[in-house]
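Trainee: Dropping the structure in here first, questions after.
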Amino acid sequence: MSLITLNDGFSIPQFGFGTWQIPDEQARDRVAEALEIGYRHIDTAQMYGNESGVGRAIAESGIPREELYVTTKLNNNNHAPDRVISSLGDSLERLGLDHVDLFLIHWPLPEIDIDYVDTWNAMITARGTGQTRSIGVSNFTAENLRRITGPDSVVPAVNQIEVHPYLAQNDLRAVDAELGIATEAWSPLAMGTVFEDPQLAAIAERAGHPVSAIVIAWHLQRGDILFPKASSAARIRENFEAQNVQLDAETIAAIDALDEGRRIGPDPVTFNWVPADEV
Ligand SMILES: NC(=O)c1ccc[n+]([C@@H]2O[C@H](COP(=O)([O-])OP(=O)(O)OC[C@H]3O[C@@H](n4cnc5c(N)ncnc54)[C@H](OP(=O)(O)O)[C@@H]3O)[C@@H](O)[C@H]2O)c1
């Protein structure tokens, strides 16, 4: 499994398992399957409501903590600076861990009353407590990134953004790279829509691999960090095995050509949803 070194010196496995839309009561079994297959990087979030299930799978796996990489994310109702550290503590309790490897601001929420620059400063304080090794952001635009990366600030280790063959994000990936930020690709399989695409089916047939494999290998070869989600052990394994696939330049170019700047998830510029305060 490839490791990527982040700007703070810590390493992250390039390939992992995503847990959005896995209910808490199923998260334990799905994550247990992923760990059994060999995944060592798990992506969860306060918003997903499944940190307890993820934590149970981790505890029961017996895998030494230092061999695992766990990410969680600050929920949209926890942007107030004093809630950043307290909500991280709540996450750790649910996960049964004394630290996570990476803690992200989930969404910038540019139109709410709390400025994400203040939230970012609280993330820096949170890192100082040792309850997270690295800090980063998710769904940050180039403008959002430039506002938090002033001369005296800490540069996020990662920016987790929507990336898949229909939204290659070449411009934002270039800004991330310029600032020394690693790009994580969320919904790398475009939430499953890649499996309904006749063009990708034809490219996959020519390459002699399943669609899952060519899309995952495309991400890996361009340097994305990714964590596809799947709901059966067979699919979780199939995705894991895609790490062994090497695509030729022609296949990569054919997938590159599918980019049409099309989002499937919300646009971070207009997404300002905050859940009812119940944490
Ligand atoms: N930061 C953010 O704002 C944000 C937003 C979205 C996602 N994420 C993260 O990114 C992770 C991945 O994104 P995602 O869950 O949205 O979608 P995804 O990984 O792009 O796609 C998941 C979909 O693909 C299907 N699938 C997976 N492997 C397959 C295979 N081998 N063959 C056929 N179908 C397959 C799954 O079906 P089944 O489940 O039915 O097997 C599911 O419908 C999330 O789980 C989460 O951790 C972050």
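Ordered as shown in the structure tokens, chains take letters A, B, and onward, while each chain numbers its residues from 1 and ligands are numbered from 1 in the order shown.
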Neighbours of Met191 of chain A within 12 Å (only C-alpha atoms; same-chain residues fewer than 2 positions away dropped), as a list of chain:residue names?
Mentor: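 The contact residues come out as A:Gly18, A:Trp20, A:Gln21, A:Glu162, A:Val163, A:His164, A:Pro165, A:Tyr166, A:Ala185, A:Trp186, A:Ser187, A:Pro188, A:Leu189, A:Thr193, A:Val194, A:Phe195, A:Glu196, A:Ser212, A:Phe227, A:Pro228, A:Lys229, A:Ala230, A:Arg263, A:Ile264, A:Gly265.
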Trainee: If we count only C-alpha atoms, what is near Phe10 of chain A at a cut-off of 10 Å, once residues fewer than 2 positions away on the same chain are taken out, given as a list in words?
Mentor: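 Near neighbours after the sequence-gap exclusion: Leu3, Ile4, Thr5, Leu6, Asn7, Asp8, Ile12, Asp101, Leu102, Arg133, Ser134 and Ala157 of chain A.
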Trainee: I need the residues in segment 121-223 of chain A that are strand (DSSP E or B) according to DSSP; give them as a VMD selection string.
Mentor: chain A and resid 132 to 138 158 to 162 164 167 182 to 186
Trainee: Using only C-alpha atoms and all ligand atoms for the distances, tell me which of A:Leu95, A:Ala174, A:Leu109, A:Ala122 is nearest to ligand 1.
Mentor: A:Leu109
Trainee: Which is closer to Arg30 of chain A than all the others in A:Arg262, A:Arg235, A:His99, A:His219, using only C-alpha atoms?
Mentor: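 Of A:Arg262, A:Arg235, A:His99, A:His219, the one nearest Arg30 of chain A is A:Arg235, counting only C-alpha atoms.
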Trainee: Name all residues at most 9 Å from Ser61 of chain A (count only C-alpha atoms; drop same-chain ones fewer than 2 positions away) and give them as a count of residues only.
Mentor: 9
Trainee: Skip segment 178-181 of chain A itself and residues of its chain fewer than 3 positions away, then list as a PDB file with all heavy atoms, in the first residue's frame all residues within 9 Å of it, counting only C-alpha atoms.
Mentor:
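So selection30.pdb came out as:
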ATOM      1  N   LEU A   6       2.730  13.899   4.102  1.00  0.00           N
ATOM      2  CA  LEU A   6       2.025  15.177   4.170  1.00  0.00           C
ATOM      3  C   LEU A   6       2.991  16.303   4.551  1.00  0.00           C
ATOM      4  O   LEU A   6       4.120  16.041   4.972  1.00  0.00           O
ATOM      5  CB  LEU A   6       0.887  15.070   5.197  1.00  0.00           C
ATOM      6  CG  LEU A   6      -0.128  13.958   4.896  1.00  0.00           C
ATOM      7  CD1 LEU A   6      -1.140  13.832   6.035  1.00  0.00           C
ATOM      8  CD2 LEU A   6      -0.850  14.226   3.570  1.00  0.00           C
ATOM      9  N   ASN A   7       2.518  17.548   4.450  1.00  0.00           N
ATOM     10  CA  ASN A   7       3.410  18.694   4.685  1.00  0.00           C
ATOM     11  C   ASN A   7       3.853  18.838   6.145  1.00  0.00           C
ATOM     12  O   ASN A   7       4.731  19.625   6.450  1.00  0.00           O
ATOM     13  CB  ASN A   7       2.793  20.002   4.158  1.00  0.00           C
ATOM     14  CG  ASN A   7       1.496  20.364   4.872  1.00  0.00           C
ATOM     15  OD1 ASN A   7       1.218  19.861   5.961  1.00  0.00           O
ATOM     16  ND2 ASN A   7       0.694  21.222   4.258  1.00  0.00           N
ATOM     17  N   GLY A 136      -6.667  19.382   8.525  1.00  0.00           N
ATOM     18  CA  GLY A 136      -6.860  19.739   7.127  1.00  0.00           C
ATOM     19  C   GLY A 136      -8.266  20.255   6.918  1.00  0.00           C
ATOM     20  O   GLY A 136      -9.000  20.525   7.877  1.00  0.00           O
ATOM     21  N   LEU A 145      -8.861  28.574   0.582  1.00  0.00           N
ATOM     22  CA  LEU A 145      -7.505  28.153   0.982  1.00  0.00           C
ATOM     23  C   LEU A 145      -6.595  29.358   1.158  1.00  0.00           C
ATOM     24  O   LEU A 145      -5.827  29.436   2.115  1.00  0.00           O
ATOM     25  CB  LEU A 145      -6.901  27.216  -0.077  1.00  0.00           C
ATOM     26  CG  LEU A 145      -7.542  25.835  -0.203  1.00  0.00           C
ATOM     27  CD1 LEU A 145      -6.934  25.076  -1.376  1.00  0.00           C
ATOM     28  CD2 LEU A 145      -7.371  25.025   1.082  1.00  0.00           C
ATOM     29  N   ARG A 146      -6.713  30.320   0.246  1.00  0.00           N
ATOM     30  CA  ARG A 146      -5.807  31.482   0.333  1.00  0.00           C
ATOM     31  C   ARG A 146      -6.104  32.298   1.586  1.00  0.00           C
ATOM     32  O   ARG A 146      -5.201  32.873   2.178  1.00  0.00           O
ATOM     33  CB  ARG A 146      -5.921  32.333  -0.931  1.00  0.00           C
ATOM     34  CG  ARG A 146      -5.498  31.548  -2.177  1.00  0.00           C
ATOM     35  CD  ARG A 146      -4.765  32.376  -3.198  1.00  0.00           C
ATOM     36  NE  ARG A 146      -4.559  31.600  -4.431  1.00  0.00           N
ATOM     37  CZ  ARG A 146      -3.489  30.844  -4.669  1.00  0.00           C
ATOM     38  NH1 ARG A 146      -2.514  30.764  -3.772  1.00  0.00           N
ATOM     39  NH2 ARG A 146      -3.389  30.159  -5.793  1.00  0.00           N
ATOM     40  N   THR A 149      -4.298  30.508   4.609  1.00  0.00           N
ATOM     41  CA  THR A 149      -2.867  30.189   4.528  1.00  0.00           C
ATOM     42  C   THR A 149      -2.021  31.463   4.504  1.00  0.00           C
ATOM     43  O   THR A 149      -1.149  31.630   3.667  1.00  0.00           O
ATOM     44  CB  THR A 149      -2.542  29.312   3.297  1.00  0.00           C
ATOM     45  OG1 THR A 149      -3.151  29.917   2.140  1.00  0.00           O
ATOM     46  CG2 THR A 149      -3.067  27.911   3.450  1.00  0.00           C
ATOM     47  N   VAL A 155      -0.512  25.559   7.207  1.00  0.00           N
ATOM     48  CA  VAL A 155      -1.114  25.141   5.939  1.00  0.00           C
ATOM     49  C   VAL A 155      -1.800  23.793   6.155  1.00  0.00           C
ATOM     50  O   VAL A 155      -1.206  22.889   6.753  1.00  0.00           O
ATOM     51  CB  VAL A 155      -0.019  25.016   4.847  1.00  0.00           C
ATOM     52  CG1 VAL A 155      -0.608  24.502   3.538  1.00  0.00           C
ATOM     53  CG2 VAL A 155       0.667  26.361   4.636  1.00  0.00           C
ATOM     54  N   PRO A 156      -3.048  23.635   5.708  1.00  0.00           N
ATOM     55  CA  PRO A 156      -3.716  22.334   5.893  1.00  0.00           C
ATOM     56  C   PRO A 156      -2.885  21.210   5.267  1.00  0.00           C
ATOM     57  O   PRO A 156      -2.253  21.401   4.224  1.00  0.00           O
ATOM     58  CB  PRO A 156      -5.041  22.497   5.131  1.00  0.00           C
ATOM     59  CG  PRO A 156      -5.230  23.972   4.945  1.00  0.00           C
ATOM     60  CD  PRO A 156      -3.871  24.600   4.978  1.00  0.00           C
ATOM     61  N   ALA A 157      -2.929  20.045   5.906  1.00  0.00           N
ATOM     62  CA  ALA A 157      -2.204  18.897   5.339  1.00  0.00           C
ATOM     63  C   ALA A 157      -2.916  18.369   4.106  1.00  0.00           C
ATOM     64  O   ALA A 157      -2.266  17.912   3.154  1.00  0.00           O
ATOM     65  CB  ALA A 157      -2.083  17.800   6.400  1.00  0.00           C
ATOM     66  N   VAL A 158      -4.259  18.400   4.115  1.00  0.00           N
ATOM     67  CA  VAL A 158      -5.015  17.900   2.961  1.00  0.00           C
ATOM     68  C   VAL A 158      -6.206  18.817   2.683  1.00  0.00           C
ATOM     69  O   VAL A 158      -6.667  19.542   3.559  1.00  0.00           O
ATOM     70  CB  VAL A 158      -5.556  16.448   3.162  1.00  0.00           C
ATOM     71  CG1 VAL A 158      -4.505  15.507   3.696  1.00  0.00           C
ATOM     72  CG2 VAL A 158      -6.782  16.416   4.042  1.00  0.00           C
ATOM     73  N   ASN A 159      -6.684  18.734   1.463  1.00  0.00           N
ATOM     74  CA  ASN A 159      -7.982  19.293   1.082  1.00  0.00           C
ATOM     75  C   ASN A 159      -8.775  18.156   0.453  1.00  0.00           C
ATOM     76  O   ASN A 159      -8.369  17.617  -0.584  1.00  0.00           O
ATOM     77  CB  ASN A 159      -7.784  20.445   0.082  1.00  0.00           C
ATOM     78  CG  ASN A 159      -9.079  21.194  -0.230  1.00  0.00           C
ATOM     79  OD1 ASN A 159     -10.067  21.074   0.507  1.00  0.00           O
ATOM     80  ND2 ASN A 159      -9.083  21.963  -1.304  1.00  0.00           N
ATOM     81  N   ARG A 173      -6.646  21.103  -7.882  1.00  0.00           N
ATOM     82  CA  ARG A 173      -5.532  20.218  -7.529  1.00  0.00           C
ATOM     83  C   ARG A 173      -4.202  20.957  -7.688  1.00  0.00           C
ATOM     84  O   ARG A 173      -3.259  20.778  -6.909  1.00  0.00           O
ATOM     85  CB  ARG A 173      -5.541  18.938  -8.369  1.00  0.00           C
ATOM     86  CG  ARG A 173      -6.659  17.974  -7.967  1.00  0.00           C
ATOM     87  CD  ARG A 173      -6.755  16.798  -8.922  1.00  0.00           C
ATOM     88  NE  ARG A 173      -5.907  15.682  -8.534  1.00  0.00           N
ATOM     89  CZ  ARG A 173      -4.741  15.406  -9.076  1.00  0.00           C
ATOM     90  NH1 ARG A 173      -4.248  16.164 -10.045  1.00  0.00           N
ATOM     91  NH2 ARG A 173      -4.060  14.358  -8.666  1.00  0.00           N
ATOM     92  N   ALA A 174      -4.125  21.812  -8.714  1.00  0.00           N
ATOM     93  CA  ALA A 174      -2.882  22.579  -8.931  1.00  0.00           C
ATOM     94  C   ALA A 174      -2.673  23.593  -7.800  1.00  0.00           C
ATOM     95  O   ALA A 174      -1.545  23.802  -7.341  1.00  0.00           O
ATOM     96  CB  ALA A 174      -2.923  23.274 -10.288  1.00  0.00           C
ATOM     97  N   VAL A 175      -3.765  24.218  -7.340  1.00  0.00           N
ATOM     98  CA  VAL A 175      -3.644  25.169  -6.220  1.00  0.00           C
ATOM     99  C   VAL A 175      -3.216  24.413  -4.959  1.00  0.00           C
ATOM    100  O   VAL A 175      -2.319  24.852  -4.217  1.00  0.00           O
ATOM    101  CB  VAL A 175      -4.975  25.925  -5.988  1.00  0.00           C
ATOM    102  CG1 VAL A 175      -4.895  26.779  -4.721  1.00  0.00           C
ATOM    103  CG2 VAL A 175      -5.321  26.777  -7.198  1.00  0.00           C
TER     104      VAL A 175
END
